[in-house]
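Data block for upload.tsv (TSV, C-alpha atoms):
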chain	number	residue	atom	x	y	z
A	1	MET	CA	-1.13	338.14	-74.34
A	2	ASN	CA	-2.24	334.52	-74.01
A	3	TYR	CA	-0.09	331.43	-74.44
A	4	ILE	CA	-0.71	328.20	-76.36
A	5	ILE	CA	1.26	325.28	-74.91
A	6	LEU	CA	2.01	322.20	-77.02
A	7	VAL	CA	3.86	319.15	-75.68
A	8	ASN	CA	5.93	317.27	-78.24
A	9	TRP	CA	7.61	313.90	-78.01
A	10	ASN	CA	8.77	312.42	-81.33
A	11	GLY	CA	5.64	313.76	-83.01
A	12	ALA	CA	6.98	316.19	-85.59
A	13	ARG	CA	4.34	315.42	-88.21
A	14	ASP	CA	1.43	315.98	-85.83
A	15	LEU	CA	3.12	319.01	-84.28
A	16	LEU	CA	3.49	320.79	-87.62
A	17	GLU	CA	-0.12	320.08	-88.54
A	18	CYS	CA	-1.27	321.50	-85.20
A	19	LEU	CA	0.89	324.61	-85.67
A	20	GLU	CA	-0.46	325.04	-89.19
A	21	SER	CA	-3.98	325.26	-87.74
A	22	ILE	CA	-2.83	327.74	-85.09
A	23	LEU	CA	-1.68	330.08	-87.88
A	24	ARG	CA	-5.37	330.30	-88.87
A	25	LEU	CA	-6.72	331.24	-85.43
A	26	LYS	CA	-8.84	334.38	-85.42
A	27	ASP	CA	-7.54	335.35	-82.00
A	28	ASP	CA	-4.62	337.67	-82.63
A	29	ASN	CA	-3.14	338.06	-79.16
A	30	HIS	CA	-1.16	334.91	-78.48
A	31	CYS	CA	2.16	333.14	-78.84
A	32	VAL	CA	3.03	329.43	-78.86
A	33	LEU	CA	5.28	327.40	-76.57
A	34	VAL	CA	6.49	324.02	-77.84
A	35	CYS	CA	7.65	322.06	-74.80
A	36	ASP	CA	9.75	319.21	-76.14
A	37	ASN	CA	10.17	316.06	-74.07
A	38	GLY	CA	13.59	315.03	-75.38
A	39	SER	CA	12.51	314.07	-78.91
A	40	SER	CA	14.84	311.96	-81.03
A	41	ASP	CA	12.95	312.22	-84.34
A	42	SER	CA	14.57	315.47	-85.57
A	43	SER	CA	11.49	317.41	-84.46
A	44	LEU	CA	13.42	320.65	-84.18
A	45	ASP	CA	14.97	320.27	-87.64
A	46	LYS	CA	11.56	319.64	-89.17
A	47	LEU	CA	10.02	322.53	-87.26
A	48	SER	CA	12.79	324.82	-88.52
A	49	GLU	CA	12.28	323.64	-92.10
A	50	TRP	CA	8.54	324.27	-91.85
A	51	ALA	CA	8.99	327.72	-90.30
A	52	ALA	CA	11.38	328.62	-93.12
A	53	GLY	CA	8.83	327.59	-95.76
A	54	ARG	CA	10.78	324.54	-96.94
A	55	LEU	CA	8.42	321.85	-95.57
A	56	ASP	CA	4.71	321.62	-96.33
A	57	VAL	CA	1.87	320.22	-94.24
A	58	ASP	CA	-0.91	318.09	-95.71
A	59	VAL	CA	-4.14	320.08	-95.30
A	60	SER	CA	-6.28	317.89	-97.56
A	61	THR	CA	-7.83	315.58	-94.94
A	62	GLU	CA	-11.51	315.54	-94.01
A	63	ALA	CA	-10.79	317.30	-90.72
A	64	TRP	CA	-9.07	320.14	-92.56
A	65	ARG	CA	-12.24	320.74	-94.57
A	66	GLN	CA	-13.73	321.87	-91.25
A	67	VAL	CA	-10.89	324.40	-90.78
A	68	PRO	CA	-11.35	326.78	-93.69
A	69	GLY	CA	-9.34	329.82	-94.59
A	70	PRO	CA	-5.74	330.74	-95.35
A	71	ARG	CA	-2.97	331.47	-92.90
A	72	LEU	CA	-3.54	334.72	-91.02
A	73	ARG	CA	0.13	335.01	-90.05
A	74	GLN	CA	3.47	333.43	-90.88
A	75	PRO	CA	5.47	331.25	-88.48
A	76	ARG	CA	8.31	332.84	-86.57
A	77	LEU	CA	10.45	330.41	-84.59
A	78	ILE	CA	12.48	331.52	-81.55
A	79	LEU	CA	14.99	329.03	-80.17
A	80	ASP	CA	16.63	331.11	-77.44
A	81	ALA	CA	13.57	332.02	-75.40
A	82	GLY	CA	15.16	333.30	-72.22
A	83	THR	CA	12.82	334.21	-69.37
A	84	ALA	CA	12.38	337.95	-69.63
A	85	ALA	CA	9.08	339.53	-70.70
A	86	PRO	CA	7.76	341.00	-72.86
A	87	ARG	CA	7.37	338.07	-75.21
A	88	GLU	CA	6.74	338.36	-78.93
A	89	ARG	CA	3.16	338.05	-80.13
A	90	HIS	CA	2.66	335.25	-82.73
A	91	ALA	CA	6.12	333.80	-82.04
A	92	ILE	CA	6.67	330.04	-81.66
A	93	TYR	CA	9.07	329.40	-78.77
A	94	TRP	CA	11.01	326.12	-78.60
A	95	LEU	CA	11.34	325.07	-74.94
A	96	PRO	CA	13.29	321.80	-74.66
A	97	LEU	CA	13.18	319.84	-71.41
A	98	GLY	CA	16.11	317.66	-72.50
A	99	ARG	CA	14.41	314.41	-71.45
A	100	ASN	CA	11.03	312.72	-71.51
A	101	ALA	CA	9.68	314.14	-68.26
A	102	GLY	CA	6.04	313.28	-68.98
A	103	PHE	CA	2.87	315.10	-69.98
A	104	ALA	CA	2.35	317.00	-66.73
A	105	ALA	CA	5.96	318.10	-66.33
A	106	ALA	CA	6.14	319.42	-69.88
A	107	ASN	CA	2.89	321.34	-69.50
A	108	ASN	CA	4.04	322.72	-66.14
A	109	HIS	CA	7.24	323.91	-67.81
A	110	GLY	CA	5.15	325.83	-70.31
A	111	LEU	CA	2.74	327.16	-67.69
A	112	ARG	CA	5.54	328.55	-65.56
A	113	PHE	CA	7.11	330.21	-68.59
A	114	ALA	CA	3.74	331.66	-69.60
A	115	PHE	CA	2.75	333.06	-66.21
A	116	GLU	CA	6.14	334.64	-65.66
A	117	ASP	CA	4.69	337.17	-68.09
A	118	ASP	CA	2.62	339.54	-65.95
A	119	GLY	CA	0.41	340.24	-68.96
A	120	ALA	CA	-0.65	336.60	-69.36
A	121	GLU	CA	-4.11	335.82	-68.00
A	122	PHE	CA	-4.68	332.47	-69.76
A	123	ALA	CA	-2.70	329.55	-71.13
A	124	TRP	CA	-4.21	327.03	-73.54
A	125	LEU	CA	-2.97	323.46	-73.13
A	126	LEU	CA	-3.48	321.89	-76.56
A	127	ASN	CA	-2.41	318.41	-77.58
A	128	SER	CA	-0.01	318.37	-80.50
A	129	ASP	CA	-2.05	315.64	-82.22
A	130	THR	CA	-4.93	318.05	-82.84
A	131	ILE	CA	-5.96	320.73	-85.27
A	132	ALA	CA	-7.93	323.70	-83.98
A	133	ALA	CA	-10.82	325.47	-85.71
A	134	PRO	CA	-10.27	329.21	-86.29
A	135	ASP	CA	-12.70	330.26	-83.52
A	136	SER	CA	-11.50	327.70	-80.97
A	137	LEU	CA	-9.32	329.95	-78.83
A	138	SER	CA	-11.64	332.96	-79.09
A	139	GLU	CA	-14.55	330.85	-77.83
A	140	LEU	CA	-12.52	329.48	-74.92
A	141	LEU	CA	-11.54	332.99	-73.88
A	142	ALA	CA	-15.14	334.20	-74.19
A	143	ARG	CA	-16.38	331.43	-71.87
A	144	ALA	CA	-13.55	332.06	-69.40
A	145	SER	CA	-14.46	335.75	-69.26
A	146	GLU	CA	-18.10	335.22	-68.26
A	147	THR	CA	-19.22	336.29	-64.82
A	148	ASP	CA	-18.72	332.87	-63.16
A	149	GLN	CA	-15.02	333.03	-64.18
A	150	PRO	CA	-14.23	329.31	-64.46
A	151	GLY	CA	-10.66	328.20	-63.79
A	152	LEU	CA	-10.55	325.56	-66.54
A	153	VAL	CA	-12.48	325.59	-69.83
A	154	GLY	CA	-12.66	322.71	-72.31
A	155	SER	CA	-13.51	322.49	-76.00
A	156	THR	CA	-15.78	320.35	-78.13
A	157	LEU	CA	-13.36	317.58	-79.04
A	158	CYS	CA	-14.20	315.80	-82.29
A	159	PHE	CA	-12.51	312.80	-83.84
A	160	TYR	CA	-9.92	313.86	-86.39
A	161	TYR	CA	-10.76	310.93	-88.66
A	162	ARG	CA	-14.54	311.28	-88.11
A	163	PRO	CA	-14.92	315.03	-87.74
A	164	ASP	CA	-18.72	314.92	-87.57
A	165	GLN	CA	-18.56	312.85	-84.37
A	166	VAL	CA	-17.71	314.02	-80.86
A	167	GLN	CA	-14.89	312.42	-78.89
A	168	ALA	CA	-15.74	314.25	-75.65
A	169	LEU	CA	-17.19	317.45	-74.22
A	170	GLY	CA	-15.69	316.65	-70.84
A	171	VAL	CA	-15.60	313.58	-68.60
A	172	HIS	CA	-17.96	312.40	-65.88
A	173	TYR	CA	-15.96	310.26	-63.43
A	174	ASP	CA	-17.31	308.42	-60.40
A	175	LEU	CA	-14.64	308.73	-57.73
A	176	ASN	CA	-16.02	305.79	-55.77
A	177	SER	CA	-16.31	303.17	-58.52
A	178	HIS	CA	-13.63	304.63	-60.82
A	179	ARG	CA	-15.86	304.45	-63.84
A	180	GLY	CA	-15.54	307.31	-66.30
A	181	VAL	CA	-17.70	308.36	-69.24
A	182	GLU	CA	-16.70	310.84	-71.93
A	183	ILE	CA	-19.70	313.11	-72.29
A	184	HIS	CA	-21.51	312.84	-75.66
A	185	ARG	CA	-18.86	310.47	-77.05
A	186	GLY	CA	-19.84	309.29	-80.54
A	187	GLY	CA	-22.66	311.84	-80.72
A	188	SER	CA	-23.22	314.27	-83.54
A	189	ALA	CA	-21.02	317.36	-83.61
A	190	TYR	CA	-24.04	319.22	-84.99
A	191	ALA	CA	-26.49	318.32	-82.20
A	192	LEU	CA	-24.81	319.14	-78.91
A	193	PRO	CA	-26.48	319.06	-75.48
A	194	GLU	CA	-27.11	322.21	-73.47
A	195	ARG	CA	-24.03	323.79	-71.95
A	196	SER	CA	-25.48	323.72	-68.44
A	197	GLN	CA	-26.18	319.98	-68.69
A	198	VAL	CA	-22.61	319.23	-69.71
A	199	GLU	CA	-21.06	321.45	-67.05
A	200	GLN	CA	-23.21	319.90	-64.32
A	201	ARG	CA	-21.98	316.42	-65.27
A	202	MET	CA	-18.34	317.34	-65.85
A	203	THR	CA	-15.85	315.97	-63.33
A	204	TYR	CA	-12.82	317.09	-65.29
A	205	VAL	CA	-11.80	318.83	-68.51
A	206	VAL	CA	-10.07	316.70	-71.12
A	207	GLY	CA	-6.44	317.76	-71.31
A	208	ALA	CA	-6.33	317.63	-75.11
A	209	SER	CA	-7.78	321.16	-75.07
A	210	MET	CA	-7.88	322.98	-71.76
A	211	LEU	CA	-7.77	326.72	-71.11
A	212	VAL	CA	-6.12	327.47	-67.75
A	213	SER	CA	-6.57	330.78	-65.96
A	214	ARG	CA	-3.75	332.45	-64.07
A	215	ALA	CA	-5.95	332.42	-60.96
A	216	PHE	CA	-6.37	328.65	-61.23
A	217	PHE	CA	-2.65	328.01	-61.61
A	218	GLU	CA	-1.71	330.31	-58.75
A	219	THR	CA	-4.24	328.87	-56.28
A	220	VAL	CA	-4.36	325.17	-57.23
A	221	GLY	CA	-0.74	324.87	-58.34
A	222	PRO	CA	0.83	322.88	-61.18
A	223	MET	CA	-0.22	319.45	-62.41
A	224	GLU	CA	0.97	316.48	-60.36
A	225	GLU	CA	4.08	315.33	-62.25
A	226	SER	CA	4.49	311.95	-60.59
A	227	TYR	CA	1.74	310.45	-62.81
A	228	PHE	CA	3.93	310.86	-65.94
A	229	LEU	CA	0.91	310.09	-68.15
A	230	TYR	CA	-2.86	309.96	-67.41
A	231	PHE	CA	-4.85	311.08	-64.34
A	232	GLU	CA	-3.22	314.54	-64.29
A	233	GLU	CA	-6.42	316.31	-65.39
A	234	LEU	CA	-8.61	314.42	-62.92
A	235	ASP	CA	-6.17	315.06	-60.08
A	236	TRP	CA	-6.09	318.77	-60.97
A	237	ALA	CA	-9.88	319.03	-61.03
A	238	VAL	CA	-10.29	317.22	-57.70
A	239	ARG	CA	-7.77	319.56	-56.07
A	240	ALA	CA	-9.73	322.55	-57.40
A	241	ARG	CA	-13.12	321.47	-56.03
A	242	GLY	CA	-14.87	324.22	-54.16
A	243	VAL	CA	-12.34	326.78	-55.39
A	244	HIS	CA	-12.66	326.96	-59.20
A	245	ARG	CA	-15.44	326.04	-61.60
A	246	LEU	CA	-14.98	323.85	-64.66
A	247	ALA	CA	-16.61	324.93	-67.91
A	248	TRP	CA	-17.18	324.00	-71.55
A	249	ALA	CA	-17.13	326.28	-74.59
A	250	PRO	CA	-19.41	324.53	-77.15
A	251	ALA	CA	-18.25	326.55	-80.17
A	252	SER	CA	-14.56	325.91	-79.44
A	253	VAL	CA	-13.99	322.94	-81.77
A	254	VAL	CA	-10.79	320.90	-81.83
A	255	TYR	CA	-10.16	317.78	-83.93
A	256	HIS	CA	-8.17	315.16	-82.03
A	257	LYS	CA	-6.29	312.13	-83.32
A	258	GLU	CA	-6.61	310.67	-79.80
A	259	GLY	CA	-3.54	308.98	-78.45
A	260	GLY	CA	-1.43	309.59	-81.52
A	261	SER	CA	1.66	310.49	-79.54
A	262	ILE	CA	1.73	307.13	-77.70
A	263	GLY	CA	0.33	304.87	-80.41
A	264	THR	CA	-3.09	304.18	-78.97
A	265	ASN	CA	-6.75	304.97	-79.65
A	266	ALA	CA	-10.16	303.94	-78.38
A	267	ASP	CA	-10.93	301.68	-81.36
A	268	ALA	CA	-8.03	299.24	-80.86
A	269	ARG	CA	-5.99	297.62	-78.12
A	270	PRO	CA	-4.29	300.38	-76.11
A	271	SER	CA	-0.54	300.62	-76.38
A	272	ASP	CA	1.61	299.00	-73.70
A	273	THR	CA	2.41	302.48	-72.41
A	274	ALA	CA	-1.29	303.28	-72.05
A	275	ILE	CA	-2.14	299.98	-70.35
A	276	TYR	CA	0.63	300.36	-67.78
A	277	TYR	CA	0.12	304.01	-66.85
A	278	LEU	CA	-3.68	303.77	-66.76
A	279	ALA	CA	-3.30	300.91	-64.28
A	280	VAL	CA	-0.54	302.21	-62.01
A	281	ASN	CA	-1.94	305.73	-61.90
A	282	LEU	CA	-5.42	304.52	-61.06
A	283	LEU	CA	-3.92	303.03	-57.90
A	284	ARG	CA	-1.84	306.13	-57.19
A	285	PHE	CA	-4.75	308.50	-57.70
A	286	SER	CA	-7.11	306.43	-55.57
A	287	ALA	CA	-4.62	306.12	-52.72
A	288	ARG	CA	-3.79	309.83	-52.87
A	289	ARG	CA	-7.19	311.44	-53.39
A	290	ARG	CA	-9.83	308.82	-52.44
A	291	PRO	CA	-8.37	306.13	-50.16
A	292	ALA	CA	-11.80	304.69	-49.41
A	293	SER	CA	-12.11	303.76	-53.09
A	294	LEU	CA	-8.87	301.79	-53.28
A	295	ALA	CA	-10.62	298.42	-53.09
A	296	ALA	CA	-12.82	299.43	-56.02
A	297	ALA	CA	-9.74	300.49	-57.99
A	298	MET	CA	-8.12	297.11	-57.37
A	299	LEU	CA	-11.27	295.30	-58.48
A	300	ARG	CA	-11.34	297.37	-61.67
A	301	LEU	CA	-7.79	296.37	-62.48
A	302	GLY	CA	-8.46	292.75	-61.62
A	303	ALA	CA	-11.33	292.75	-64.09
A	304	ARG	CA	-9.10	294.33	-66.75
A	305	SER	CA	-6.49	291.66	-66.19
A	306	LEU	CA	-9.04	288.84	-66.53
A	307	ARG	CA	-10.37	290.43	-69.71
A	308	ALA	CA	-6.85	290.55	-71.15
A	309	VAL	CA	-6.41	286.85	-70.35
A	310	ARG	CA	-9.73	285.98	-72.05
A	311	GLN	CA	-8.61	287.96	-75.09
A	312	LYS	CA	-5.30	286.04	-75.11
A	313	ASP	CA	-3.41	289.27	-74.44
A	314	ALA	CA	-0.78	287.86	-72.10
A	315	ARG	CA	1.36	290.97	-72.35
A	316	GLY	CA	-1.56	293.20	-71.36
A	317	ALA	CA	-2.22	291.08	-68.28
A	318	ALA	CA	1.49	291.12	-67.42
A	319	LEU	CA	1.57	294.93	-67.67
A	320	ILE	CA	-1.30	295.22	-65.19
A	321	ARG	CA	0.53	292.88	-62.80
A	322	LEU	CA	3.64	295.03	-63.24
A	323	ALA	CA	1.58	298.11	-62.38
A	324	PHE	CA	0.38	296.46	-59.14
A	325	SER	CA	3.94	295.47	-58.28
A	326	ASP	CA	5.37	298.92	-58.96
A	327	TRP	CA	2.63	300.61	-56.95
A	328	LEU	CA	3.18	298.34	-53.97
A	329	SER	CA	6.95	298.86	-54.06
A	330	GLY	CA	6.74	302.59	-54.74
A	331	ARG	CA	8.75	302.28	-57.95
A	332	ARG	CA	8.16	305.10	-60.45
A	333	ARG	CA	8.96	304.45	-64.08
A	334	GLN	CA	9.49	307.24	-66.59
A	335	GLY	CA	9.02	306.95	-70.31
A	336	PRO	CA	7.39	304.57	-72.77
A	337	ILE	CA	6.61	300.98	-71.75
A	338	GLY	CA	7.14	298.08	-74.13
A	339	PRO	CA	7.99	294.38	-74.40
A	340	ASP	CA	11.56	295.12	-73.30
A	341	THR	CA	10.21	296.42	-69.97
A	342	LEU	CA	8.64	293.05	-69.24
A	343	ALA	CA	11.76	291.24	-70.45
A	344	ARG	CA	13.91	293.19	-67.98
A	345	LYS	CA	11.39	292.47	-65.23
A	346	ALA	CA	11.55	288.73	-65.96
A	347	ALA	CA	15.34	288.79	-65.97

Here is a file; write its structure as C-alpha cells.
Amino acid sequence: MNYIILVNWNGARDLLECLESILRLKDDNHCVLVCDNGSSDSSLDKLSEWAAGRLDVDVSTEAWRQVPGPRLRQPRLILDAGTAAPRERHAIYWLPLGRNAGFAAANNHGLRFAFEDDGAEFAWLLNSDTIAAPDSLSELLARASETDQPGLVGSTLCFYYRPDQVQALGVHYDLNSHRGVEIHRGGSAYALPERSQVEQRMTYVVGASMLVSRAFFETVGPMEESYFLYFEELDWAVRARGVHRLAWAPASVVYHKEGGSIGTNADARPSDTAIYYLAVNLLRFSARRRPASLAAAMLRLGARSLRAVRQKDARGAALIRLAFSDWLSGRRRQGPIGPDTLARKAA
C-alpha cells in the first residue's frame, strides 16, 4: 500500500477540497495521512463533519471541471492511528503534531509513519491546497517503476485558478548564483516539453506534489527540519545527487493554489512569512550546502531589500534585515512571521 501525506495548518477548507479529489483517484491501493501542525481553526471538527457527510465541498470551480467523475470511495476517518501495521486501505489518518513544527517536520512525521509499514514502497507528499486529477497518483507510480527507478517524481503542476496554465514541471536552480526558474511556468498545459528535456534541467522536484520512494528516504534521510519553510526540497535534492535520480510524470496533473496556506502567491507581494523564510533560509542553505556561493546569496538579498525600499515596502526590507540578523546570531524562529515580529524586535 502507498501513502498520501497532507500537511495541514489552519487550512480546513483547502484540506477538505484536496481530500475530496483524493476520493476520485483511480489508484486503489493507498491511504491518507493528515499531519496537522497544531491548527486552531477547528480543522479536525470540520474534517469529522465532512467525513460523516454533514459538510459539503464546493466542486464547481474551473479547476474541478478538469477533475471529472464521482467519488470512487467514501471517506473513513481514523483518529487513533497507533503505529502497528497493517494499516487500513482508503482510510484517512489524523496525525497531530500538537504544534506548528514546520513543513519539513510535518512531512517527516508522515514519512516515518508510512515507512514503518513494511508494505509501503512509496509516499506521496501532496500540498493540502491542491486538487489532484484522477490519474495523478497512478502516473507518478508508473514513472517511479520504470527501469531507472528515480527516488523522487514530480507532477505537472497547474494553477488552480488558471488550470490551462502550468505553474511548474520542476525547478532549475543555479547553486552558484541562487537564481531559480520554474520549468515551463505560464506555459500551456496542453503543449508540454519532452520529458527528457525537463528531467535534464530539473534541479529539484516541487514539494507541492512529490512521490518519495522508500529507497530514497532510507538512504538520503528525512527533510532538513531546521528550515521550517522553504528550501527543504532543494536541500533534499542536493543531498541525493549521485545517489538517486529526479523525475517528472507528465500525465500526473495537480492543480495548485500556490501559497494558500501562508497567504502568498506569485502574482502579489509575498506574505511576511514568505519574505522572511525565503531570505533566512537562502543564507542557511548556501552556508550549509554551497559555502562558496554565500557572497552571491548575500548580494541577492541585498538586491531584494533595495527593491522593497524602491517599492515603498518598508516592512519587507525590515524582514530581510531581520533574516540577516537572525542568521548571523544563529537564532531560529518557528511559526508565522508578521508585523508583531518586527514590533517585538524593535522593542

Distance criterion (only C-alpha atoms): nearest to Ala297 of chain A out of A:Ser177, A:Gln334, A:Ser188, A:Ser209: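 Among the listed residues, the smallest separation from Ala297 of chain A belongs to A:Ser177.
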
How many Å separate atom CA of Asp27 of chain A from atom CA of Ala104 of chain A? 25.8 Å

Calculated over all atoms listed in the file, which of the candidates A:Leu19, A:Ala215, A:Val171, A:Ala279 has the smallest distance to Ser128 of chain A?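 The closest residue to Ser128 of chain A is A:Leu19.
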
Residues within 9 Å of segment 250-254 of chain A, please, as a ChimeraX atom specification. Count only C-alpha atoms; anything in the same chain fewer than 2 positions from it doesn't count. /A:130-140,154-160,169,192,194-195,208-209,248,256

Which is closest to Val32 of chain A among A:Trp64, A:Trp50, A:Tyr204, A:Tyr93, if we use all atoms listed in the file?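 Closest to Val32 of chain A, using all atoms listed in the file: A:Tyr93.
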
For segment 318-326 of chain A, list every protein, DNA or RNA residue within 10 Å, evaluated using all atoms listed in the file, and leave out those in the same chain fewer than 5 positions away; present the list as a list in words.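 Counting all atoms listed in the file, the residues come to Asp272, Thr273, Ala274, Ile275, Tyr276, Tyr277, Leu278, Ala279, Val280, Asn281, Leu282, Leu283, Met298, Leu301, Gly302, Arg304, Ser305, Ala308, Val309, Asp313, Arg331, Arg332, Arg333, Ile337, Gly338, Pro339, Thr341, Leu342 and Lys345 of chain A.
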
Could you jot down the atom CA of Tyr190 of chain A to atom CA of Asp164 of chain A separation for me, Å, one decimal place?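 Spanning atom CA of Tyr190 of chain A to atom CA of Asp164 of chain A is a straight-line distance of 7.3 Å.
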
List the spatial neighbours of Glu232 of chain A as number ranges by chain - criterion: any atom at most 7 Å away, all atoms listed in the file, same-chain residues fewer than 3 positions off excluded. A: 104, 223-224, 227, 235-236

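Between atom CA of Glu258 of chain A and atom CA of Ile78 of chain A lies a distance of 28.3 Å.
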
Considering only C-alpha atoms, can you say which of A:Gln311, A:Asn2, A:Ser286, A:Gln74 comes closest to Pro86 of chain A?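 Checking each candidate against Pro86 of chain A, we get A:Asn2 as the closest.
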